[in-house]
Structure formats: structure tokens, C-alpha cells
>>> print(open('work.csv').read())   # CSV, C-alpha atoms
chain,number,residue,atom,x,y,z
B,1,MET,CA,76.7,217.6,88.8
B,2,LYS,CA,78.8,217.0,92.0
B,3,THR,CA,75.6,215.9,93.8
B,4,THR,CA,74.8,213.4,91.1
B,5,ILE,CA,78.3,211.9,91.1
B,6,LYS,CA,78.3,211.6,94.9
B,7,ALA,CA,74.9,209.9,94.9
B,8,ALA,CA,76.1,207.4,92.2
B,9,LEU,CA,79.3,206.7,94.2
B,10,LEU,CA,77.2,206.0,97.4
B,11,LEU,CA,75.0,203.7,95.4
B,12,SER,CA,77.9,201.7,94.1
B,13,LEU,CA,79.5,201.4,97.5
B,14,SER,CA,76.2,200.2,99.0
B,15,LEU,CA,76.0,197.5,96.2
B,16,LEU,CA,79.5,196.4,97.0
B,17,ALA,CA,78.9,196.2,100.8
B,18,PRO,CA,78.2,192.8,102.2
B,19,TYR,CA,74.5,192.1,102.8
B,20,SER,CA,73.6,192.3,106.5
B,21,GLN,CA,70.1,192.2,107.9
B,22,ALA,CA,69.2,193.9,111.1
B,23,GLU,CA,68.2,191.7,114.0
B,24,ARG,CA,66.7,192.3,117.4
B,25,ILE,CA,69.0,192.1,120.4
B,26,LYS,CA,66.8,189.4,121.9
B,27,ASP,CA,67.6,187.2,118.9
B,28,LEU,CA,71.4,187.9,119.2
B,29,ALA,CA,71.9,187.8,123.0
B,30,SER,CA,70.3,186.6,126.2
B,31,ILE,CA,70.1,188.2,129.7
B,32,ALA,CA,72.5,186.7,132.2
B,33,GLY,CA,70.6,184.9,135.0
B,34,VAL,CA,67.5,184.4,132.9
B,35,ARG,CA,67.7,180.7,132.1
B,36,ASN,CA,65.7,177.4,132.2
B,37,ASN,CA,66.4,174.7,134.6
B,38,GLN,CA,66.0,171.0,134.0
B,39,LEU,CA,64.0,168.8,136.3
B,40,LEU,CA,64.0,165.0,136.6
B,41,GLY,CA,62.0,162.4,138.5
B,42,TYR,CA,61.4,158.7,138.8
B,43,GLY,CA,57.9,157.4,139.1
B,44,LEU,CA,55.3,154.7,138.2
B,45,VAL,CA,52.6,154.6,135.5
B,46,VAL,CA,49.7,152.4,136.5
B,47,GLY,CA,46.5,151.4,134.8
B,48,LEU,CA,48.1,149.9,131.6
B,49,ASP,CA,46.2,147.3,129.7
B,50,GLY,CA,48.7,144.5,130.1
B,51,SER,CA,51.4,146.5,128.3
B,52,GLY,CA,53.6,147.3,131.3
B,53,ASP,CA,57.0,146.0,132.4
B,54,GLN,CA,57.8,142.3,132.5
B,55,THR,CA,58.8,142.1,136.2
B,56,THR,CA,61.1,139.1,135.6
B,57,GLN,CA,63.4,141.4,133.6
B,58,THR,CA,62.8,144.7,135.5
B,59,PRO,CA,63.2,144.0,139.2
B,60,PHE,CA,63.3,147.8,140.0
B,61,THR,CA,59.6,148.0,139.0
B,62,VAL,CA,58.7,145.4,141.7
B,63,GLN,CA,60.9,147.2,144.3
B,64,SER,CA,59.2,150.5,143.5
B,65,VAL,CA,55.7,149.1,143.9
B,66,ILE,CA,56.6,147.4,147.2
B,67,SER,CA,58.2,150.6,148.6
B,68,MET,CA,55.1,152.6,147.5
B,69,LEU,CA,52.7,150.1,149.1
B,70,GLN,CA,54.7,150.2,152.4
B,71,GLN,CA,54.4,154.0,152.5
B,72,LEU,CA,50.6,153.7,152.0
B,73,GLY,CA,50.4,151.2,154.9
B,74,VAL,CA,50.2,148.0,152.9
B,75,ASN,CA,52.7,145.4,154.1
B,76,LEU,CA,53.3,142.4,151.9
B,77,PRO,CA,54.4,139.0,153.3
B,78,GLN,CA,58.1,138.4,153.5
B,79,GLY,CA,59.3,136.0,150.9
B,80,GLY,CA,57.4,133.9,148.5
B,81,THR,CA,55.5,136.8,147.0
B,82,GLN,CA,55.9,136.9,143.2
B,83,LEU,CA,54.2,140.0,141.9
B,84,GLN,CA,53.1,140.0,138.3
B,85,LEU,CA,52.7,143.7,137.4
B,86,LYS,CA,51.8,143.8,133.8
B,87,ASN,CA,49.8,147.0,134.3
B,88,VAL,CA,52.6,149.0,135.9
B,89,ALA,CA,55.7,150.6,134.2
B,90,ALA,CA,58.7,152.4,135.7
B,91,VAL,CA,59.2,155.7,134.0
B,92,MET,CA,61.5,158.8,134.1
B,93,VAL,CA,59.7,162.1,134.2
B,94,THR,CA,61.4,165.2,132.7
B,95,ALA,CA,60.4,168.9,132.7
B,96,THR,CA,61.8,172.3,132.1
B,97,LEU,CA,61.4,174.9,134.8
B,98,PRO,CA,61.2,178.3,133.1
B,99,PRO,CA,62.9,181.4,134.6
B,100,PHE,CA,60.9,183.3,137.3
B,101,ALA,CA,58.5,180.4,137.7
B,102,GLN,CA,56.5,180.7,141.0
B,103,PRO,CA,54.9,178.0,143.2
B,104,GLY,CA,51.6,176.9,141.9
B,105,GLN,CA,52.5,177.4,138.2
B,106,GLN,CA,51.8,174.4,136.0
B,107,LEU,CA,54.4,172.7,133.7
B,108,ASP,CA,54.3,170.3,130.8
B,109,ILE,CA,56.1,167.0,131.5
B,110,THR,CA,57.4,164.2,129.4
B,111,VAL,CA,57.0,160.6,130.6
B,112,SER,CA,59.5,158.0,129.2
B,113,SER,CA,59.6,154.3,129.9
B,114,MET,CA,62.8,153.0,131.3
B,115,GLY,CA,61.9,149.3,131.3
B,116,ASN,CA,60.5,147.0,128.7
B,117,ALA,CA,56.9,148.3,128.7
B,118,LYS,CA,55.3,147.9,125.3
B,119,SER,CA,53.1,151.0,125.6
B,120,LEU,CA,52.2,153.8,128.1
B,121,ARG,CA,48.9,154.4,126.4
B,122,GLY,CA,46.0,154.8,128.8
B,123,GLY,CA,48.2,154.9,131.9
B,124,THR,CA,48.2,157.3,134.9
B,125,LEU,CA,51.4,158.7,136.4
B,126,LEU,CA,51.4,158.6,140.2
B,127,MET,CA,52.7,161.5,142.2
B,128,THR,CA,56.3,162.0,141.3
B,129,PRO,CA,58.8,164.5,142.9
B,130,LEU,CA,60.8,166.5,140.3
B,131,LYS,CA,64.3,167.4,141.4
B,132,GLY,CA,66.8,169.9,140.1
B,133,ALA,CA,70.6,169.5,139.8
B,134,ASP,CA,71.0,170.5,143.5
B,135,GLY,CA,68.8,167.6,144.6
B,136,GLN,CA,66.0,169.9,145.8
B,137,VAL,CA,62.4,169.2,144.9
B,138,TYR,CA,61.0,171.9,142.6
B,139,GLY,CA,57.8,170.3,141.4
B,140,MET,CA,55.3,167.5,141.7
B,141,ALA,CA,54.0,165.6,138.7
B,142,GLN,CA,50.8,163.5,138.3
B,143,GLY,CA,48.2,162.9,135.7
B,144,ASN,CA,47.0,160.9,132.7
B,145,VAL,CA,49.6,160.1,130.1
B,146,LEU,CA,48.8,161.1,126.5
B,147,VAL,CA,50.6,158.9,123.9
B,148,GLY,CA,50.3,160.1,120.3
B,149,GLY,CA,50.4,156.7,118.8
B,150,VAL,CA,48.7,153.3,118.6
B,151,GLY,CA,49.7,149.7,118.4
B,152,VAL,CA,47.7,146.8,117.0
B,153,GLN,CA,48.6,143.1,117.1
B,154,ALA,CA,46.7,140.3,115.6
B,155,GLY,CA,47.2,136.5,115.4
B,156,GLY,CA,47.6,133.5,117.6
B,157,GLY,CA,50.3,132.6,120.0
B,158,GLY,CA,53.7,131.2,119.3
B,159,GLY,CA,55.0,134.4,117.8
B,160,GLY,CA,52.6,134.2,114.8
B,161,GLY,CA,50.3,136.9,113.5
B,162,SER,CA,51.1,140.5,112.5
B,163,SER,CA,51.5,143.8,114.3
B,164,LEU,CA,51.3,147.5,113.4
B,165,THR,CA,52.7,150.3,115.4
B,166,VAL,CA,52.1,154.0,114.7
B,167,ASN,CA,54.5,156.5,116.2
B,168,HIS,CA,56.3,155.9,119.5
B,169,LEU,CA,54.4,154.2,122.3
B,170,SER,CA,56.9,154.2,125.1
B,171,VAL,CA,57.0,158.0,125.5
B,172,GLY,CA,54.0,160.3,126.4
B,173,LYS,CA,53.3,163.8,127.6
B,174,ILE,CA,51.1,165.4,130.2
B,175,SER,CA,50.0,169.0,129.5
B,176,GLY,CA,50.2,170.9,132.8
B,177,GLY,CA,51.0,167.7,134.6
B,178,ALA,CA,53.4,169.2,137.1
B,179,THR,CA,53.0,172.0,139.7
B,180,VAL,CA,55.9,174.2,140.8
B,181,GLU,CA,56.7,173.8,144.5
B,182,ARG,CA,59.8,176.0,144.8
B,183,ALA,CA,61.0,179.1,143.0
B,184,VAL,CA,64.5,179.5,141.8
B,185,ALA,CA,66.3,182.6,143.1
B,186,THR,CA,67.7,184.9,140.4
B,187,ASN,CA,70.3,187.7,140.6
B,188,LEU,CA,68.9,189.7,137.7
B,189,GLY,CA,69.9,193.3,138.0
B,190,GLU,CA,72.1,193.2,141.1
B,191,GLY,CA,74.0,196.4,141.5
B,192,ASN,CA,71.9,198.2,138.9
B,193,MET,CA,73.7,196.3,136.1
B,194,ILE,CA,72.6,193.6,133.7
B,195,LYS,CA,74.7,191.5,131.4
B,196,LEU,CA,73.9,190.7,127.8
B,197,GLU,CA,75.5,187.4,126.6
B,198,LEU,CA,75.8,187.1,122.8
B,199,ASN,CA,74.7,183.7,121.5
B,200,ASN,CA,77.8,183.7,119.2
B,201,ALA,CA,80.9,185.4,120.5
B,202,ASP,CA,82.0,188.1,118.1
B,203,PHE,CA,84.0,191.3,118.8
B,204,ALA,CA,82.4,193.2,115.9
B,205,THR,CA,78.9,192.3,116.9
B,206,ALA,CA,79.6,193.1,120.5
B,207,SER,CA,80.9,196.5,119.5
B,208,ARG,CA,77.8,197.2,117.3
B,209,VAL,CA,75.5,196.3,120.2
B,210,VAL,CA,77.3,198.7,122.5
B,211,GLU,CA,77.3,201.4,120.0
B,212,ALA,CA,73.5,201.0,119.4
B,213,ILE,CA,72.7,201.1,123.1
B,214,ASN,CA,74.9,204.1,123.8
B,215,ASP,CA,73.4,206.0,120.8
B,216,LYS,CA,69.9,205.6,122.2
B,217,TYR,CA,70.5,205.9,126.0
B,218,GLY,CA,73.7,207.9,126.2
B,219,ALA,CA,77.4,207.3,126.3
B,220,GLY,CA,78.7,205.0,129.0
B,221,ILE,CA,75.4,203.1,129.5
B,222,ALA,CA,76.9,200.0,127.9
B,223,TYR,CA,80.4,198.6,127.5
B,224,ALA,CA,81.7,195.3,126.4
B,225,LEU,CA,83.7,193.1,128.7
B,226,ASP,CA,84.8,190.7,125.9
B,227,SER,CA,83.5,189.3,122.7
B,228,ARG,CA,80.5,187.8,124.4
B,229,VAL,CA,79.5,189.7,127.5
B,230,ILE,CA,78.2,193.3,127.5
B,231,ARG,CA,77.4,195.1,130.7
B,232,VAL,CA,74.5,197.6,130.6
B,233,GLN,CA,73.5,200.1,133.3
B,234,ALA,CA,69.8,199.6,134.2
B,235,PRO,CA,67.3,201.5,136.4
B,236,SER,CA,67.2,200.6,140.1
B,237,SER,CA,63.4,200.2,140.3
B,238,SER,CA,62.3,196.7,139.3
B,239,ASP,CA,59.3,198.0,137.3
B,240,GLN,CA,61.5,200.4,135.4
B,241,ARG,CA,64.2,197.7,134.9
B,242,VAL,CA,61.6,195.3,133.3
B,243,SER,CA,60.4,198.1,130.9
B,244,PHE,CA,64.1,199.0,130.1
B,245,ILE,CA,65.0,195.4,129.3
B,246,GLY,CA,61.9,195.0,127.1
B,247,THR,CA,62.8,198.1,125.1
B,248,LEU,CA,66.4,197.1,125.0
B,249,GLN,CA,65.7,193.6,123.5
B,250,ASP,CA,63.6,195.1,120.7
B,251,MET,CA,66.4,197.3,119.4
B,252,GLN,CA,67.7,196.5,115.9
B,253,VAL,CA,71.4,195.8,115.4
B,254,ASN,CA,73.2,194.7,112.2
B,255,PRO,CA,75.3,191.7,113.3
B,256,ALA,CA,78.8,191.1,111.8
B,257,GLU,CA,79.1,188.6,109.1
B,258,GLN,CA,80.0,185.2,110.5
B,259,PRO,CA,83.3,183.6,109.5
B,260,ALA,CA,83.4,181.2,106.6
B,261,LYS,CA,82.5,177.7,107.8
B,262,VAL,CA,81.7,174.3,106.4
B,263,ILE,CA,80.0,171.8,108.6
B,264,MET,CA,80.0,168.1,107.6
B,265,ASN,CA,78.1,165.2,109.1
B,266,ALA,CA,80.2,162.1,108.5
B,267,ARG,CA,77.4,159.8,109.5
B,268,THR,CA,74.7,161.1,107.1
B,269,GLY,CA,76.9,162.8,104.5
B,270,SER,CA,75.3,166.2,105.0
B,271,VAL,CA,77.3,169.2,104.1
B,272,VAL,CA,76.3,172.8,105.0
B,273,MET,CA,78.2,175.9,104.0
B,274,ASN,CA,77.5,179.6,104.6
B,275,ARG,CA,77.8,182.2,102.0
B,276,ALA,CA,81.2,183.4,103.1
B,277,VAL,CA,82.9,180.2,101.8
B,278,THR,CA,85.3,180.9,98.9
B,279,LEU,CA,87.9,178.9,97.0
B,280,ASP,CA,91.4,179.5,95.6
B,281,THR,CA,92.2,178.3,92.2
B,282,CYS,CA,92.4,174.5,92.2
B,283,ALA,CA,91.7,171.5,90.1
B,284,ILE,CA,89.4,168.7,91.3
B,285,SER,CA,89.5,165.1,90.0
B,286,HIS,CA,86.7,162.7,90.6
B,287,GLY,CA,86.2,159.1,89.6
B,288,ASN,CA,84.1,156.2,90.8
B,289,LEU,CA,85.2,152.6,91.3
B,290,SER,CA,82.4,150.1,91.8
B,291,VAL,CA,82.8,146.5,92.8
B,292,SER,CA,79.9,144.1,92.4
B,293,VAL,CA,79.8,140.5,93.7
B,294,ASN,CA,77.0,138.2,92.4
B,295,ALA,CA,76.3,134.6,93.4
B,296,ASP,CA,74.9,132.5,90.5
B,297,THR,CA,73.0,129.6,92.1
B,298,GLN,CA,72.9,126.3,90.1
B,299,VAL,CA,71.2,123.0,90.8
B,300,SER,CA,73.0,119.8,89.8
B,301,GLN,CA,70.5,117.0,89.1
B,302,PRO,CA,71.8,113.4,88.9
B,303,ASN,CA,70.7,111.0,86.2
B,304,PRO,CA,67.7,108.7,87.0
B,305,LEU,CA,68.4,105.6,89.0
B,306,SER,CA,72.0,106.7,89.4
B,307,GLY,CA,71.8,106.8,93.2
B,308,GLY,CA,73.2,110.3,93.3
B,309,ARG,CA,71.8,113.3,95.2
B,310,THR,CA,70.7,116.7,94.1
B,311,VAL,CA,73.4,119.3,94.8
B,312,VAL,CA,73.1,123.1,94.9
B,313,THR,CA,76.2,125.0,93.9
B,314,GLN,CA,77.0,128.7,93.8
B,315,ASN,CA,79.4,130.3,91.3
B,316,PRO,CA,80.4,133.7,92.5
B,317,GLN,CA,81.0,136.4,89.9
B,318,VAL,CA,83.1,139.5,90.7
B,319,GLY,CA,82.9,142.5,88.5
B,320,ILE,CA,84.9,145.8,88.7
B,321,LYS,CA,83.7,148.9,86.9
B,322,GLN,CA,85.4,152.2,86.9
B,323,ASP,CA,83.7,155.3,85.6
B,324,GLY,CA,85.6,157.9,83.6
B,325,GLY,CA,87.3,160.4,85.9
B,326,LYS,CA,86.8,164.2,85.4
B,327,VAL,CA,88.9,167.1,86.2
B,328,MET,CA,87.2,170.4,87.1
B,329,LEU,CA,89.1,173.7,87.3
B,330,VAL,CA,87.7,176.1,89.9
B,331,LYS,CA,88.9,179.7,89.6
B,332,GLY,CA,90.0,181.6,92.6
B,333,GLY,CA,87.5,183.8,94.5
B,334,ALA,CA,84.6,181.4,93.7
B,335,SER,CA,81.5,182.0,95.8
B,336,LEU,CA,79.4,179.4,97.4
B,337,ALA,CA,77.2,179.1,94.4
B,338,ASP,CA,80.2,178.5,92.2
B,339,VAL,CA,81.5,175.9,94.6
B,340,VAL,CA,78.2,173.9,94.6
B,341,LYS,CA,77.9,174.2,90.8
B,342,ALA,CA,81.4,172.9,90.3
B,343,LEU,CA,81.0,170.0,92.6
B,344,ASN,CA,77.7,169.0,91.0
B,345,ALA,CA,79.2,169.3,87.6
B,346,ILE,CA,81.7,166.5,88.4
B,347,GLY,CA,78.9,164.3,89.7
B,348,ALA,CA,80.0,164.3,93.4
B,349,THR,CA,77.6,162.7,95.9
B,350,PRO,CA,77.3,163.9,99.5
B,351,GLN,CA,79.7,161.2,100.6
B,352,ASP,CA,82.2,162.2,97.9
B,353,LEU,CA,81.9,165.8,99.1
B,354,LEU,CA,83.3,164.8,102.5
B,355,SER,CA,86.6,163.6,101.0
B,356,ILE,CA,86.8,166.3,98.4
B,357,LEU,CA,86.3,169.2,100.9
B,358,GLN,CA,88.9,167.6,103.3
B,359,ALA,CA,91.4,167.3,100.5
B,360,MET,CA,90.7,170.9,99.4
B,361,LYS,CA,91.2,172.1,103.0
B,362,SER,CA,94.5,170.2,103.2
B,363,ALA,CA,95.6,171.7,99.9
B,364,GLY,CA,94.9,175.2,101.2
B,365,ALA,CA,92.2,175.9,98.5
B,366,LEU,CA,89.2,176.0,100.8
B,367,ARG,CA,89.0,179.4,102.5
B,368,ALA,CA,86.8,178.3,105.4
B,369,GLU,CA,86.8,176.5,108.7
B,370,LEU,CA,86.1,172.8,108.4
B,371,GLU,CA,84.1,171.2,111.2
B,372,ILE,CA,83.1,167.5,111.2
B,373,ILE,CA,80.3,166.5,113.5
>>> encode(input="work.csv", output="C-alpha cells")
Amino acid sequence: MKTTIKAALLLSLSLLAPYSQAERIKDLASIAGVRNNQLLGYGLVVGLDGSGDQTTQTPFTVQSVISMLQQLGVNLPQGGTQLQLKNVAAVMVTATLPPFAQPGQQLDITVSSMGNAKSLRGGTLLMTPLKGADGQVYGMAQGNVLVGGVGVQAGGGGGGGSSLTVNHLSVGKISGGATVERAVATNLGEGNMIKLELNNADFATASRVVEAINDKYGAGIAYALDSRVIRVQAPSSSDQRVSFIGTLQDMQVNPAEQPAKVIMNARTGSVVMNRAVTLDTCAISHGNLSVSVNADTQVSQPNPLSGGRTVVTQNPQVGIKQDGGKVMLVKGGASLADVVKALNAIGATPQDLLSILQAMKSAGALRAELEII
């Protein structure tokens, strides 16, 4: 009998406990020192079919071509040379250098026009150095630009005719278009210690990660420095350290529930709330006031042989319409589902939600952090 009562009590407590799904440590945290690096370069795309930069509006393209030709031993006459480079476009080349990348490894690059080129389709990127934030060259890029789009224009001159553009033509990619020339030094595992950095700082989650690691590898192996950084003792051998980190990242941990938060985008009217958002008892009033302005165009025609002129007049009409307001009572302790249901019941649009949620936060009825992006 006691066993049955105890089992029923444990079942009821598990149903009342907040839902938390286990996640891998690699999804919750990253290894300090293991990071990407951004690379940037300036180059030229040649071989365009008349869709390059207009040199009269992009003088830097002409300067780049002249400088490149001088390096190749071609000297142009001083003055009086007007280059028309419709098949050339100045571009910016960007790439991401992954961690532990070694010389000779290939990278994907993105080529973006920085002038007024109409399209990079069919062009070839000339050899372009890719530099890091420290000004050092970490890669060299070159290759044929692939543009996932097409542009069609038909009709005569003088701005007539029609045009059709599919996707974006001023940005292209080159798969494996860059080669790594320099490796980035990393300090992973210095002093037989590694650091785990949580993606979202949380004391409870950091404590659970430390507890899970120590339960598997022994007490004192991991300890938290703060709500984000956790130090873990790792093997001294590089091979054993790699195996240890791989096993460590696959461990399952139940993260702590995130704080109640409401994120609003004032530009698009988007509102996103997590399931921890609740309300205190409050009353919400909602009403719409619409103002319409119409211009009624009328033509005044004079009598025959009167010598008058035909006059076009406009009679503006202004109308104001106010929908009936509604008051909705929301009981305290309402969940996210209740909040959405209540706001939909009063006919609130996404733009209306921005004002309603701000007013509820000011009134102290919204139990959540309000963030406007």
C-alpha cells in the first residue's frame, strides 16, 4: 500500500515539474579558442558581357585596372586615356576561415559588387588576397563566379521596353574558390585545461553542466568560474584531449528554463513569446479608429459656344469610423496560450500587440522581460 502511494506521489510531482528536454553540451556551449575568423578582400571580376561598372561613376574600378596592368608590366600613356571598362566590376570578397584550417585547404567565398555593375553572371574573379582583422593575408581567392539568377531585357533605346530579373545578380559565390595560405594559432588546451562557454549565461545551467561532468569523470574535474564559463581538466596528450572533448560534447544535460521574455520587432510588428510568459489579473480595452480620405474627381463642361474651358475639380471627402471597443478580462496566472487567446479574442493585430504589451508591462501585469528590436 505504501509503495503504491509513493509511486502515485512521484507521478504527480513529475507531472507538476516544468518540462525540460535534455540537450547535448555541444548545443549548449562552445569550446574557448575554437572559433571562426572572417576574411575580406578587394578584387576585380572580368569577362562580363557588358554588365560591368560604369567607369564614369566608379573611378576606383579604373584605378584598380591601371594598377593591376602596371604590376603585369603594361604601362598606359599618361593622360588622355579614357578607359571604358564595361566588362569589369570592382567587388568585395568575403570568406569564413574555420578553426584549425591548414594551408592548402579550400574555402567557399562570396563575391559582391561594390559599384553599379548590373550583373556578375559569367565573370571571373582575378587573384584576390584575403586578409584577417590583423591585416595579414590568410587566403587567396580566384575562380569563376556562379550567380543564381538571370536578367532579361527587351525593347529599344530611350528607356523603353521591359526587363525581368530573377534573384540577385550583383552577388555570386565560388565553391572552393579560395585557398588557405596561413594557419591561425590556437591556444586550445593550454595547461591541461579547457573552457566551456555557455551560449546563454545561466547559473543553473552552468551548475548542471558541472554536476554532469563530475558525475561521469570524478569530482573536481569541472568547476564553474561564473554563469557562462566552466573550466574542465583535460588529458595532456593531444590525441586523448580530442577524444575527451568529443565525448564531453555528446553528454546530455537538462538546461534550466529560460526567463520569461517577450521580443517585439517594431518594424515588422512581429511578437515572439516563450512559454514562461504569464499575466497578472488585468483588463484590456481595444478599439479601432479609422480615417479615410477620398477625392471625388468631377469635370465641369462649359455650354456650347460659350467660350469657356473644361475644368477638372476635386471634392475631397473625409470619413471617420470608430469600431466598437471591447474590454477583455484576463485572470492572473494566465499561460502563454491564454495570453494569445485573449489578445486574439479582442481582435488585436500584430501592430496593436506592440502597444498592448507595452501598456501591460507598464501596468505591472506582464510577468516577462520586454525587448524591442
>>> closest_atom_pairs(input="work.csv", of="segment 68-89 of chain B", to="segment 111-130 of chain B", cutoff="10 Å", atoms="all atoms listed in the file", output="tab-separated table")
residue	atom	partner	partner_atom	distance
B:Lys86	CA	B:Ala117	CA	8.5
B:Asn87	CA	B:Gly123	CA	8.4
B:Val88	CA	B:Gly123	CA	8.4
B:Ala89	CA	B:Ala117	CA	6.1
>>> residues_near_point(input="work.csv", point="(51.0, 171.9, 142.5)", cutoff="8 Å", atoms="all atoms listed in the file", output="PDB file with C-alpha atoms, in the frame of the given file")
ATOM      1  CA  PRO B 103      54.900 178.000 143.200  1.00  0.00           C
ATOM      2  CA  GLY B 104      51.600 176.900 141.900  1.00  0.00           C
ATOM      3  CA  GLN B 105      52.500 177.400 138.200  1.00  0.00           C
ATOM      4  CA  GLN B 106      51.800 174.400 136.000  1.00  0.00           C
ATOM      5  CA  GLY B 139      57.800 170.300 141.400  1.00  0.00           C
ATOM      6  CA  MET B 140      55.300 167.500 141.700  1.00  0.00           C
ATOM      7  CA  ALA B 141      54.000 165.600 138.700  1.00  0.00           C
ATOM      8  CA  ALA B 178      53.400 169.200 137.100  1.00  0.00           C
ATOM      9  CA  THR B 179      53.000 172.000 139.700  1.00  0.00           C
ATOM     10  CA  VAL B 180      55.900 174.200 140.800  1.00  0.00           C
ATOM     11  CA  GLU B 181      56.700 173.800 144.500  1.00  0.00           C
TER      12      GLU B 181
END
>>> residues_around(input="work.csv", residues="Val229 of chain B", least_positions_apart="2", cutoff="8 Å", atoms="all atoms listed in the file", output="PDB file with C-alpha atoms, in the coordinates of the input")
ATOM      1  CA  LYS B 195      74.700 191.500 131.400  1.00  0.00           C
ATOM      2  CA  LEU B 196      73.900 190.700 127.800  1.00  0.00           C
ATOM      3  CA  GLU B 197      75.500 187.400 126.600  1.00  0.00           C
ATOM      4  CA  LEU B 198      75.800 187.100 122.800  1.00  0.00           C
ATOM      5  CA  ALA B 206      79.600 193.100 120.500  1.00  0.00           C
ATOM      6  CA  ALA B 224      81.700 195.300 126.400  1.00  0.00           C
ATOM      7  CA  LEU B 225      83.700 193.100 128.700  1.00  0.00           C
ATOM      8  CA  ASP B 226      84.800 190.700 125.900  1.00  0.00           C
ATOM      9  CA  SER B 227      83.500 189.300 122.700  1.00  0.00           C
ATOM     10  CA  ARG B 231      77.400 195.100 130.700  1.00  0.00           C
TER      11      ARG B 231
END
>>> atom_distance(input="work.csv", atom1="atom CA of Gly50 of chain B", atom2="atom CA of Ile109 of chain B")
23.7 Å
>>> atom_distance(input="work.csv", atom1="atom CA of Thr186 of chain B", atom2="atom CA of Ala101 of chain B")
10.6 Å
